[in-house]
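Colleague: Sharing query_37.csv below, CSV, C-alpha atoms and all ligand atoms:
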```
chain,number,residue,atom,x,y,z
A,211,MET,CA,102.4,37.1,116.7
A,212,THR,CA,102.5,40.8,115.7
A,213,THR,CA,105.3,42.5,117.6
A,214,ILE,CA,105.3,46.2,118.4
A,215,LYS,CA,108.3,46.6,116.0
A,216,ASP,CA,106.3,44.9,113.1
A,217,ALA,CA,103.3,47.1,113.8
A,218,LEU,CA,105.3,50.3,113.9
A,219,THR,CA,107.3,49.4,110.8
A,220,GLN,CA,104.0,48.7,109.0
A,221,GLN,CA,102.9,52.2,110.0
A,222,GLY,CA,106.0,53.6,108.3
A,223,CYS,CA,108.0,54.5,111.4
A,224,ASP,CA,111.7,54.5,110.8
A,225,ALA,CA,114.2,52.6,112.9
A,226,SER,CA,115.1,55.6,115.0
A,227,LEU,CA,111.6,56.3,116.1
A,228,ILE,CA,111.0,52.6,116.8
A,229,ASP,CA,114.2,52.6,119.0
A,230,VAL,CA,112.9,55.6,121.0
A,231,ILE,CA,109.5,53.9,121.6
A,232,GLN,CA,111.1,50.6,122.5
A,233,ARG,CA,113.2,52.3,125.1
A,234,ILE,CA,110.1,53.8,126.7
A,235,LEU,CA,108.5,50.4,126.7
A,236,SER,CA,111.4,48.7,128.3
A,237,ALA,CA,111.4,51.3,131.1
A,238,SER,CA,107.6,50.7,131.4
A,239,LYS,CA,108.1,47.0,132.0
A,240,ASP,CA,110.5,47.8,134.8
A,241,ILE,CA,108.0,50.3,136.3
A,242,SER,CA,105.3,47.7,136.0
A,243,PHE,CA,107.4,45.2,137.9
A,244,ARG,CA,108.2,47.6,140.7
A,245,LEU,CA,104.6,48.6,141.1
A,246,GLN,CA,103.6,45.0,141.4
A,247,GLN,CA,106.2,44.5,144.1
A,248,GLY,CA,104.5,47.4,145.9
A,249,ALA,CA,105.4,47.8,149.5
A,250,LEU,CA,107.9,44.9,149.1
A,251,ALA,CA,110.0,47.1,146.9
A,252,GLY,CA,110.3,49.7,149.6
A,253,VAL,CA,110.5,47.4,152.7
A,254,LEU,CA,112.5,44.4,151.4
A,255,GLY,CA,114.2,45.9,148.4
A,256,SER,CA,113.7,44.8,144.9
A,257,THR,CA,114.4,41.2,144.0
A,258,GLU,CA,116.0,42.5,140.7
A,259,ASP,CA,119.6,43.7,140.5
A,260,GLU,CA,120.1,47.1,142.0
A,261,ASN,CA,122.5,49.5,140.5
A,262,VAL,CA,121.8,52.5,142.7
A,263,GLN,CA,122.0,52.0,146.4
A,264,GLY,CA,118.9,52.9,148.3
A,265,GLU,CA,117.0,53.3,145.0
A,266,THR,CA,114.0,51.4,146.4
A,267,GLN,CA,113.7,53.9,149.2
A,268,LYS,CA,112.8,56.6,146.7
A,269,LYS,CA,109.3,57.4,145.8
A,270,LEU,CA,108.0,55.4,142.8
A,271,ASP,CA,107.3,58.5,140.7
A,272,VAL,CA,111.0,59.6,141.1
A,273,ILE,CA,112.2,56.1,140.3
A,274,SER,CA,109.9,55.9,137.2
A,275,ASN,CA,111.3,59.3,136.1
A,276,ASP,CA,114.9,58.1,136.4
A,277,LEU,CA,114.2,54.8,134.6
A,278,LEU,CA,112.7,56.6,131.6
A,279,LYS,CA,115.3,59.3,131.6
A,280,ASP,CA,118.2,56.9,131.8
A,281,ALA,CA,116.7,54.7,129.0
A,282,LEU,CA,116.1,57.7,126.7
A,283,LYS,CA,119.4,59.5,127.4
A,284,GLN,CA,121.2,56.4,126.1
A,285,SER,CA,119.5,56.6,122.7
A,286,PRO,CA,121.4,58.3,119.9
A,287,TYR,CA,118.1,59.5,118.5
A,288,VAL,CA,116.9,61.4,121.5
A,289,HIS,CA,117.7,65.1,121.3
A,290,GLY,CA,116.0,66.1,124.6
A,291,ILE,CA,113.7,65.0,127.3
A,292,ALA,CA,111.0,67.0,129.3
A,293,SER,CA,109.4,65.4,132.2
A,294,GLU,CA,106.8,66.4,134.8
A,295,GLU,CA,109.4,65.5,137.4
A,296,GLU,CA,112.2,67.7,135.9
A,297,ASP,CA,112.3,71.4,136.4
A,298,PHE,CA,114.0,72.0,133.0
A,299,ALA,CA,114.4,70.2,129.7
A,300,VAL,CA,117.2,67.5,129.9
A,301,PRO,CA,119.6,67.4,126.9
A,302,GLY,CA,120.0,64.1,125.2
A,303,ASN,CA,122.3,63.7,122.1
A,304,ASP,CA,123.0,66.7,119.9
A,305,GLY,CA,122.6,64.6,116.7
A,306,GLY,CA,119.3,63.1,117.9
A,307,GLN,CA,116.1,63.9,116.0
A,308,TYR,CA,113.4,63.4,118.7
A,309,LEU,CA,112.1,65.3,121.7
A,310,VAL,CA,110.3,63.2,124.3
A,311,THR,CA,108.0,64.4,126.9
A,312,TYR,CA,106.5,62.3,129.6
A,313,ASP,CA,104.5,62.0,132.9
A,314,PRO,CA,106.4,59.1,134.5
A,315,LEU,CA,103.7,58.1,136.9
A,316,ASP,CA,100.3,59.8,136.3
A,317,GLY,CA,97.9,59.6,139.2
A,318,SER,CA,100.7,58.8,141.6
A,319,SER,CA,98.5,59.5,144.7
A,320,ASN,CA,96.8,56.1,143.8
A,321,ILE,CA,100.0,54.2,144.5
A,322,ASP,CA,99.6,54.0,148.2
A,323,ILE,CA,96.0,52.7,147.8
A,324,ASN,CA,96.9,50.0,145.2
A,325,VAL,CA,94.8,51.7,142.4
A,326,SER,CA,95.7,52.2,138.8
A,327,VAL,CA,98.5,54.6,137.7
A,328,GLY,CA,100.3,55.1,134.4
A,329,THR,CA,103.1,56.5,132.3
A,330,ILE,CA,102.1,59.0,129.5
A,331,PHE,CA,104.5,59.9,126.7
A,332,SER,CA,104.7,62.1,123.6
A,333,ILE,CA,107.4,62.3,120.8
A,334,MET,CA,108.0,65.2,118.5
A,335,ASN,CA,110.8,66.2,116.1
A,336,THR,CA,113.4,68.7,117.1
A,337,THR,CA,113.0,72.1,115.3
A,338,GLY,CA,116.7,72.6,115.5
A,339,ASN,CA,116.3,75.5,118.0
A,340,SER,CA,119.5,75.8,119.9
A,341,ASP,CA,117.6,76.6,123.0
A,342,LEU,CA,116.3,73.2,124.1
A,343,GLY,CA,113.5,74.6,126.3
A,344,GLU,CA,112.2,76.5,123.4
A,345,ASP,CA,112.6,73.6,121.0
A,346,PHE,CA,109.8,71.8,123.1
A,347,LEU,CA,107.3,74.7,122.6
A,348,GLN,CA,105.5,73.1,119.7
A,349,ALA,CA,101.8,72.6,119.2
A,350,GLY,CA,100.6,69.0,119.9
A,351,SER,CA,99.7,68.6,116.2
A,352,ASN,CA,103.5,68.2,115.7
A,353,GLN,CA,103.5,64.9,117.7
A,354,VAL,CA,104.8,61.9,115.7
A,355,ALA,CA,103.8,59.4,118.4
A,356,ALA,CA,102.1,59.4,121.7
A,357,GLY,CA,100.7,56.8,124.2
A,358,TYR,CA,100.5,55.6,127.7
A,359,VAL,CA,101.0,52.5,129.7
A,360,LEU,CA,98.2,51.9,132.3
A,361,TYR,CA,99.4,49.8,135.3
A,362,GLY,CA,96.2,48.2,136.5
A,363,PRO,CA,95.2,44.6,137.0
A,364,SER,CA,97.1,44.2,133.7
A,365,SER,CA,99.7,46.6,132.2
A,366,ILE,CA,98.3,47.9,129.0
A,367,LEU,CA,100.1,50.0,126.3
A,368,VAL,CA,97.9,52.3,124.2
A,369,ILE,CA,99.8,54.0,121.3
A,370,THR,CA,99.3,56.1,118.2
A,371,THR,CA,101.7,57.2,115.4
A,372,GLY,CA,98.9,59.1,113.7
A,373,GLN,CA,97.3,56.0,112.1
A,374,GLY,CA,94.7,55.0,114.5
A,375,VAL,CA,95.2,53.7,118.1
A,376,SER,CA,96.2,50.2,119.1
A,377,MET,CA,96.2,48.4,122.6
A,378,TRP,CA,98.7,46.0,123.8
A,379,THR,CA,98.7,43.9,127.0
A,380,LEU,CA,102.0,43.1,128.7
A,381,ASP,CA,102.4,39.3,128.9
A,382,HIS,CA,104.7,38.9,131.9
A,383,THR,CA,105.5,35.3,131.0
A,384,ILE,CA,107.4,36.5,127.9
A,385,GLY,CA,108.1,40.1,128.9
A,386,GLU,CA,106.4,41.5,125.7
A,387,TYR,CA,103.4,43.6,124.8
A,388,VAL,CA,100.9,41.5,122.9
A,389,LEU,CA,98.4,43.1,120.5
A,390,THR,CA,94.9,43.0,122.0
A,391,ASN,CA,93.0,45.6,120.1
A,392,ALA,CA,94.3,46.7,116.7
A,393,LYS,CA,91.8,49.6,116.1
A,394,VAL,CA,90.5,51.4,119.1
A,395,GLN,CA,87.4,53.5,118.4
A,396,ILE,CA,85.6,55.7,121.0
A,397,PRO,CA,81.8,55.5,120.8
A,398,GLU,CA,80.4,58.9,119.6
A,399,GLN,CA,77.8,59.1,122.2
A,400,THR,CA,78.0,58.5,125.9
A,401,LYS,CA,76.0,58.5,129.2
A,402,GLU,CA,79.1,58.6,131.5
A,403,PHE,CA,81.1,61.6,132.7
A,404,ALA,CA,84.1,62.1,134.9
A,405,ILE,CA,84.9,65.2,136.9
A,406,ASN,CA,86.1,66.0,140.4
A,407,MET,CA,82.6,67.1,141.8
A,408,SER,CA,84.2,68.3,145.0
A,409,ASN,CA,85.4,71.4,143.0
A,410,GLN,CA,81.9,72.2,141.8
A,411,ARG,CA,81.6,75.6,143.6
A,412,PHE,CA,84.9,76.7,142.1
A,413,TRP,CA,84.1,76.1,138.4
A,414,ALA,CA,83.4,78.8,135.9
A,415,GLU,CA,79.8,79.3,134.8
A,416,PRO,CA,79.8,77.3,131.5
A,417,VAL,CA,81.1,74.1,133.4
A,418,GLN,CA,78.5,74.7,136.2
A,419,ASN,CA,75.7,74.9,133.6
A,420,TYR,CA,76.9,71.9,131.6
A,421,VAL,CA,77.3,69.6,134.6
A,422,ALA,CA,74.0,70.8,136.0
A,423,ASP,CA,72.4,69.7,132.8
A,424,LEU,CA,74.2,66.3,132.9
A,425,LEU,CA,72.8,65.8,136.4
A,426,ALA,CA,69.3,66.8,135.4
A,427,GLY,CA,69.1,63.5,133.5
A,428,GLU,CA,66.0,62.5,131.5
A,429,GLU,CA,64.1,65.6,132.7
A,430,GLY,CA,66.9,68.0,131.8
A,431,PRO,CA,67.8,69.6,128.4
A,432,ILE,CA,70.1,66.7,127.4
A,433,GLY,CA,67.3,64.2,128.0
A,434,LYS,CA,69.6,61.3,129.2
A,435,ARG,CA,70.5,59.9,132.6
A,436,PHE,CA,74.3,60.0,133.2
A,437,ASN,CA,76.5,57.9,135.4
A,438,MET,CA,79.7,59.3,136.9
A,439,ARG,CA,83.2,57.8,137.5
A,440,TRP,CA,86.3,59.4,139.0
A,441,VAL,CA,89.5,57.3,139.4
A,442,ALA,CA,91.7,60.3,140.1
A,443,ALA,CA,94.3,59.1,137.5
A,444,MET,CA,93.8,60.7,134.1
A,445,VAL,CA,95.4,57.7,132.4
A,446,ALA,CA,92.7,55.4,133.8
A,447,GLU,CA,89.9,57.8,132.9
A,448,VAL,CA,91.2,58.0,129.3
A,449,HIS,CA,91.5,54.2,129.2
A,450,ARG,CA,87.9,53.8,130.2
A,451,ILE,CA,86.8,56.4,127.6
A,452,LEU,CA,88.9,54.7,124.9
A,453,THR,CA,87.2,51.4,125.9
A,454,ARG,CA,83.6,52.3,126.3
A,455,GLY,CA,83.2,56.1,125.7
A,456,GLY,CA,82.6,58.9,128.1
A,457,ILE,CA,83.6,62.5,128.8
A,458,PHE,CA,86.5,63.5,131.1
A,459,MET,CA,86.9,67.1,132.3
A,460,TYR,CA,89.5,68.8,134.4
A,461,PRO,CA,88.4,72.5,134.0
A,462,TRP,CA,89.9,75.7,135.2
A,463,ASP,CA,88.7,76.5,138.7
A,464,SER,CA,89.0,79.4,141.1
A,465,ARG,CA,90.9,77.6,143.8
A,466,GLU,CA,94.1,78.9,142.1
A,467,PRO,CA,92.7,81.6,139.8
A,468,ASN,CA,96.1,82.3,138.1
A,469,LYS,CA,96.5,78.7,137.0
A,470,PRO,CA,94.7,77.8,133.8
A,471,GLY,CA,94.0,74.3,135.1
A,472,LYS,CA,95.5,71.4,136.9
A,473,LEU,CA,96.7,69.2,134.1
A,474,ARG,CA,99.8,69.8,132.0
A,475,LEU,CA,99.7,70.4,128.3
A,476,MET,CA,102.9,68.7,127.2
A,477,TYR,CA,102.7,65.6,129.5
A,478,GLU,CA,99.0,65.0,129.7
A,479,GLY,CA,96.8,67.2,127.4
A,480,ASN,CA,98.7,66.7,124.1
A,481,PRO,CA,99.4,63.0,124.2
A,482,MET,CA,95.9,62.2,125.4
A,483,ALA,CA,94.4,64.5,122.7
A,484,PHE,CA,96.4,62.8,120.0
A,485,LEU,CA,95.2,59.4,121.2
A,486,VAL,CA,91.6,60.5,121.6
A,487,GLU,CA,91.4,62.2,118.2
A,488,GLN,CA,93.0,59.1,116.5
A,489,ALA,CA,90.3,57.0,118.1
A,490,GLY,CA,87.5,59.2,116.8
A,491,GLY,CA,86.9,61.4,119.9
A,492,LEU,CA,87.6,65.0,120.6
A,493,CYS,CA,89.8,66.9,123.0
A,494,CYS,CA,89.8,70.7,123.7
A,495,THR,CA,90.5,73.3,126.3
A,496,ASP,CA,87.8,75.8,127.2
A,497,LYS,CA,88.8,77.8,124.1
A,498,GLU,CA,90.3,75.7,121.4
A,499,ARG,CA,91.3,72.2,120.1
A,500,MET,CA,94.0,70.9,122.4
A,501,LEU,CA,96.4,70.0,119.6
A,502,ASP,CA,96.3,73.6,118.3
A,503,VAL,CA,97.4,75.2,121.6
A,504,GLN,CA,100.7,77.0,121.1
A,505,PRO,CA,102.7,76.4,124.3
A,506,THR,CA,104.5,79.2,125.9
A,507,GLU,CA,106.0,77.2,128.8
A,508,ILE,CA,107.2,73.6,129.1
A,509,HIS,CA,105.1,72.9,132.3
A,510,GLN,CA,102.1,74.9,131.1
A,511,ARG,CA,98.7,73.8,132.5
A,512,VAL,CA,95.5,73.6,130.5
A,513,PRO,CA,91.8,73.0,131.1
A,514,VAL,CA,90.9,69.6,129.6
A,515,PHE,CA,87.7,68.3,128.0
A,516,LEU,CA,88.0,65.0,126.2
A,517,GLY,CA,86.2,61.9,125.1
A,518,SER,CA,83.1,61.0,123.0
A,519,LYS,CA,82.7,63.4,120.1
A,520,GLU,CA,79.0,64.4,120.7
A,521,GLU,CA,79.5,65.1,124.4
A,522,VAL,CA,82.8,67.1,124.0
A,523,GLU,CA,81.1,69.2,121.3
A,524,ARG,CA,78.2,69.8,123.8
A,525,ALA,CA,80.6,70.8,126.6
A,526,ALA,CA,82.4,73.2,124.1
A,527,SER,CA,79.0,74.7,123.1
A,528,TYR,CA,78.4,75.8,126.7
A,529,HIS,CA,81.7,77.8,126.5
A,530,ASN,CA,80.9,79.3,123.1
A,531,SER,CA,77.4,80.5,124.0
B,1,LIG,O1,98.4,64.2,137.2
B,1,LIG,C1,97.4,64.8,137.8
B,1,LIG,C2,96.2,63.9,138.3
B,1,LIG,O2,96.7,63.0,139.2
B,1,LIG,C3,95.5,63.3,137.1
B,1,LIG,O3,96.0,62.0,136.8
B,1,LIG,C4,94.1,63.1,137.7
B,1,LIG,O4,93.1,63.2,136.7
B,1,LIG,C5,94.0,64.3,138.6
B,1,LIG,O5,95.3,64.8,138.9
B,1,LIG,C6,93.2,64.0,139.9
B,1,LIG,O6,92.9,65.2,140.5
B,1,LIG,P1,92.2,65.3,141.9
B,1,LIG,O7,93.2,65.2,142.9
B,1,LIG,O8,91.5,66.6,141.8
B,1,LIG,O9,91.2,64.2,142.0
B,2,MN,MN,99.8,63.3,135.8
```
What does the file become when written as structure tokens?
Ligand code: F6P
Ligand code: MN

Modeller:
Amino acid sequence: MTTIKDALTQQGCDASLIDVIQRILSASKDISFRLQQGALAGVLGSTEDENVQGETQKKLDVISNDLLKDALKQSPYVHGIASEEEDFAVPGNDGGQYLVTYDPLDGSSNIDINVSVGTIFSIMNTTGNSDLGEDFLQAGSNQVAAGYVLYGPSSILVITTGQGVSMWTLDHTIGEYVLTNAKVQIPEQTKEFAINMSNQRFWAEPVQNYVADLLAGEEGPIGKRFNMRWVAAMVAEVHRILTRGGIFMYPWDSREPNKPGKLRLMYEGNPMAFLVEQAGGLCCTDKERMLDVQPTEIHQRVPVFLGSKEEVERAASYHNS
């Protein structure tokens, strides 16, 4: 059986990067277990050992953040951590080489209704900048690894170190991720889109026009009938797209005109862009390739268009014209 360690070694990852990834994965197994316990974890307490009193009373996204943070802070190779759940970058070890960013529980509004959520992560090298917050402000093209764990009917790890994308399914009987797809490839064309249609009246004109053309079906300029899906967890939408293609959009909208979008560059946009590109798809903002965006702020938000190459190119063309 191929282990994650074997696969990462074959991809040329050194022991320190493998250590960091394995710490994220061990936290993810804990998160997976707690999610499966669901309400039992909150009402009855966890059946696992508890080291923090009252921990199970906390919201699961806070617990997930703490599990990841504690696991990563213990690594000698982690220089710093940035999380959607932390106001500021968290220092790790001075001698550490890696910066880790993560969204501990993406789509967390789905927890209460027993629908898929996930952990998204991204790893970069430190630049040596003595200001940790600024150290993180690197374009996504600097990522050395990225991935997510989708907690659905099964818990599935999807990961890239820049040499394609692989999928691994958590086998609860042995507590290990088992390789289930060694080379994930997104179909170039699609007939499926994902966007929160309830925001339609707030979108900018290019998005209005593009989605109108999708909805026009066979009679419209695109000449195809499209289906629509919306799970309301980016991690699940990206998983569907990596599996069968599609386009996912979370564009800027005028509900909060001063925010460039809802999703976060460092915890959502960049890691998903790395995965999607490595699987043959595309990911961009309304202006440029996601991985080329130069961040100015750790919690920066961005518009996101990602998925099957032909469809993302089409969406981008509405913005260029
Ligand atoms: O993390 C933000 C997020 O939960 C994404 O996972 C998801 O795609 C989006 O927000 C859902 O947004 P909305 O509430 O508009 O459906
Ligand atoms: Mn999220």

Colleague: Which residues are near ligand LIG 1 (chain B) - at most 8 Å, using all atoms listed in the file? Format: as a short mmCIF file (atom, residue, chain, number, x, y, z; two decimals) with C-alpha atoms, keeping the file's coordinate frame.

Modeller:
```cif
data_model
loop_
_atom_site.label_atom_id
_atom_site.label_comp_id
_atom_site.auth_asym_id
_atom_site.auth_seq_id
_atom_site.Cartn_x
_atom_site.Cartn_y
_atom_site.Cartn_z
CA ASP A 313 104.50 62.00 132.90
CA ASP A 316 100.30 59.80 136.30
CA GLY A 317 97.90 59.60 139.20
CA SER A 318 100.70 58.80 141.60
CA SER A 319 98.50 59.50 144.70
CA VAL A 327 98.50 54.60 137.70
CA ASN A 406 86.10 66.00 140.40
CA ASN A 409 85.40 71.40 143.00
CA TRP A 440 86.30 59.40 139.00
CA VAL A 441 89.50 57.30 139.40
CA ALA A 442 91.70 60.30 140.10
CA ALA A 443 94.30 59.10 137.50
CA MET A 444 93.80 60.70 134.10
CA VAL A 445 95.40 57.70 132.40
CA ALA A 446 92.70 55.40 133.80
CA GLU A 447 89.90 57.80 132.90
CA TYR A 460 89.50 68.80 134.40
CA LYS A 472 95.50 71.40 136.90
CA LEU A 473 96.70 69.20 134.10
CA ARG A 474 99.80 69.80 132.00
CA GLU A 478 99.00 65.00 129.70
#
```

Colleague: Would you list the contacts of Gln246 of chain A as a PDB file with C-alpha atoms, keeping the file's coordinate frame, taking every protein, DNA or RNA residue within 12 Å and counting all atoms listed in the file, but skipping same-chain residues closer than 4 positions in sequence?

Modeller:
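Contents of the output file out.pdb:
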```pdb
ATOM      1  CA  LYS A 239     108.100  47.000 132.000  1.00  0.00           C
ATOM      2  CA  ASP A 240     110.500  47.800 134.800  1.00  0.00           C
ATOM      3  CA  ILE A 241     108.000  50.300 136.300  1.00  0.00           C
ATOM      4  CA  SER A 242     105.300  47.700 136.000  1.00  0.00           C
ATOM      5  CA  LEU A 250     107.900  44.900 149.100  1.00  0.00           C
ATOM      6  CA  ALA A 251     110.000  47.100 146.900  1.00  0.00           C
ATOM      7  CA  GLY A 252     110.300  49.700 149.600  1.00  0.00           C
ATOM      8  CA  SER A 256     113.700  44.800 144.900  1.00  0.00           C
ATOM      9  CA  THR A 257     114.400  41.200 144.000  1.00  0.00           C
ATOM     10  CA  LEU A 270     108.000  55.400 142.800  1.00  0.00           C
ATOM     11  CA  ILE A 321     100.000  54.200 144.500  1.00  0.00           C
ATOM     12  CA  ASP A 322      99.600  54.000 148.200  1.00  0.00           C
ATOM     13  CA  ASN A 324      96.900  50.000 145.200  1.00  0.00           C
ATOM     14  CA  VAL A 325      94.800  51.700 142.400  1.00  0.00           C
ATOM     15  CA  SER A 326      95.700  52.200 138.800  1.00  0.00           C
ATOM     16  CA  VAL A 327      98.500  54.600 137.700  1.00  0.00           C
ATOM     17  CA  TYR A 361      99.400  49.800 135.300  1.00  0.00           C
ATOM     18  CA  GLY A 362      96.200  48.200 136.500  1.00  0.00           C
ATOM     19  CA  PRO A 363      95.200  44.600 137.000  1.00  0.00           C
ATOM     20  CA  SER A 364      97.100  44.200 133.700  1.00  0.00           C
ATOM     21  CA  SER A 365      99.700  46.600 132.200  1.00  0.00           C
ATOM     22  CA  HIS A 382     104.700  38.900 131.900  1.00  0.00           C
TER      23      HIS A 382
END
```

Colleague: So that I can check the surroundings of segment 488-501 of chain A, please list as a CSV table (one decimal) with C-alpha atoms, in the coordinates of the input every protein, DNA and RNA residue that reaches within 8 Å of it, counting only C-alpha atoms and ignoring chain neighbours fewer than 4 positions away.

Modeller:
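This went into part_20.csv:
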```
chain,number,residue,atom,x,y,z
A,349,ALA,CA,101.8,72.6,119.2
A,350,GLY,CA,100.6,69.0,119.9
A,351,SER,CA,99.7,68.6,116.2
A,370,THR,CA,99.3,56.1,118.2
A,372,GLY,CA,98.9,59.1,113.7
A,373,GLN,CA,97.3,56.0,112.1
A,374,GLY,CA,94.7,55.0,114.5
A,375,VAL,CA,95.2,53.7,118.1
A,393,LYS,CA,91.8,49.6,116.1
A,394,VAL,CA,90.5,51.4,119.1
A,395,GLN,CA,87.4,53.5,118.4
A,396,ILE,CA,85.6,55.7,121.0
A,397,PRO,CA,81.8,55.5,120.8
A,398,GLU,CA,80.4,58.9,119.6
A,452,LEU,CA,88.9,54.7,124.9
A,461,PRO,CA,88.4,72.5,134.0
A,479,GLY,CA,96.8,67.2,127.4
A,480,ASN,CA,98.7,66.7,124.1
A,483,ALA,CA,94.4,64.5,122.7
A,484,PHE,CA,96.4,62.8,120.0
A,512,VAL,CA,95.5,73.6,130.5
A,513,PRO,CA,91.8,73.0,131.1
A,514,VAL,CA,90.9,69.6,129.6
A,515,PHE,CA,87.7,68.3,128.0
A,516,LEU,CA,88.0,65.0,126.2
A,517,GLY,CA,86.2,61.9,125.1
A,518,SER,CA,83.1,61.0,123.0
A,519,LYS,CA,82.7,63.4,120.1
A,522,VAL,CA,82.8,67.1,124.0
A,523,GLU,CA,81.1,69.2,121.3
A,526,ALA,CA,82.4,73.2,124.1
A,529,HIS,CA,81.7,77.8,126.5
```

Colleague: Please compute the atom CA of Leu360 of chain A-atom CA of Gln247 of chain A distance, one decimal, in Å.

Modeller: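 A separation of 16.1 Å between them.
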
Colleague: Between A:Val368, A:Ile405, A:Leu475, A:Met459, which is the closest to ligand MN 2 (chain B) once you count only C-alpha atoms and all ligand atoms?

Modeller: A:Leu475

Colleague: Pick out the residues sitting within 9 Å of Phe403 of chain A, and hand them over as a ChimeraX atom specification; count all atoms listed in the file, and ignore anything fewer than 2 positions along from it in its own chain.

Modeller: /A:400-401,405,424,436-440,456-459

Colleague: Taking all atoms listed in the file into account, which of A:Gln348, A:Leu245, A:Tyr308, A:Gln220 comes nearest Ile508 of chain A?

Modeller: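 Between A:Gln348, A:Leu245, A:Tyr308, A:Gln220, the residue approaching Ile508 of chain A most closely is A:Gln348.
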
Colleague: Please indicate the distance in Å from atom CA of Leu315 of chain A to atom CA of Glu521 of chain A, rounded to one decimal place.

Modeller: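 Rounded to one decimal, the two atoms are 28.1 Å apart.
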
Colleague: Do a neighbour search on Tyr358 of chain A at 10 Å with all atoms listed in the file, toss out local chain neighbours closer than 5 positions, and write the hits as a list in words.

Modeller: Ile234, Leu235, Ser238, Tyr312, Asp313, Pro314, Asp316, Gly328, Thr329, Ile330, Phe331, Ser332, Ile366, Leu367, Val368, Ile369, Thr370, Met377, Val445, Ala446, Val448, His449, Glu478, Pro481, Met482 and Leu485 of chain A

Colleague: When you look at Gly305 of chain A with a cut-off of 7 Å (counting only C-alpha atoms), what residues show up, excluding the ones that are within fewer than 2 positions of it in the same chain? I need them as a list in words.

Modeller: His289, Asn303 and Gln307 of chain A

Colleague: Smallest atom-to-atom distance to ligand MN 2 (chain B): which of A:Gly306, A:Tyr477, A:Tyr387, A:Thr212, using only C-alpha atoms and all ligand atoms?

Modeller: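 When distances to ligand MN 2 (chain B) are compared using only C-alpha atoms and all ligand atoms, the smallest one comes from A:Tyr477.
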
Colleague: By how many Å are atom CA of Glu294 of chain A and atom CA of Gly357 of chain A apart?

Modeller: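 Straight-line distance from atom CA of Glu294 of chain A to atom CA of Gly357 of chain A works out to 15.5 Å.
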
Colleague: With distances taken over only C-alpha atoms, which residue among A:Gln353, A:Ser376, A:Ser531, A:Ser340 lies nearest Ile214 of chain A?

Modeller: A:Ser376

Colleague: With distances taken over all atoms listed in the file, which residue among A:Met476, A:Ala299, A:Val486, A:Ile231 lies nearest ligand MN 2 (chain B)?

Modeller: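 Ranked by minimum distance to ligand MN 2 (chain B), first place goes to A:Met476.
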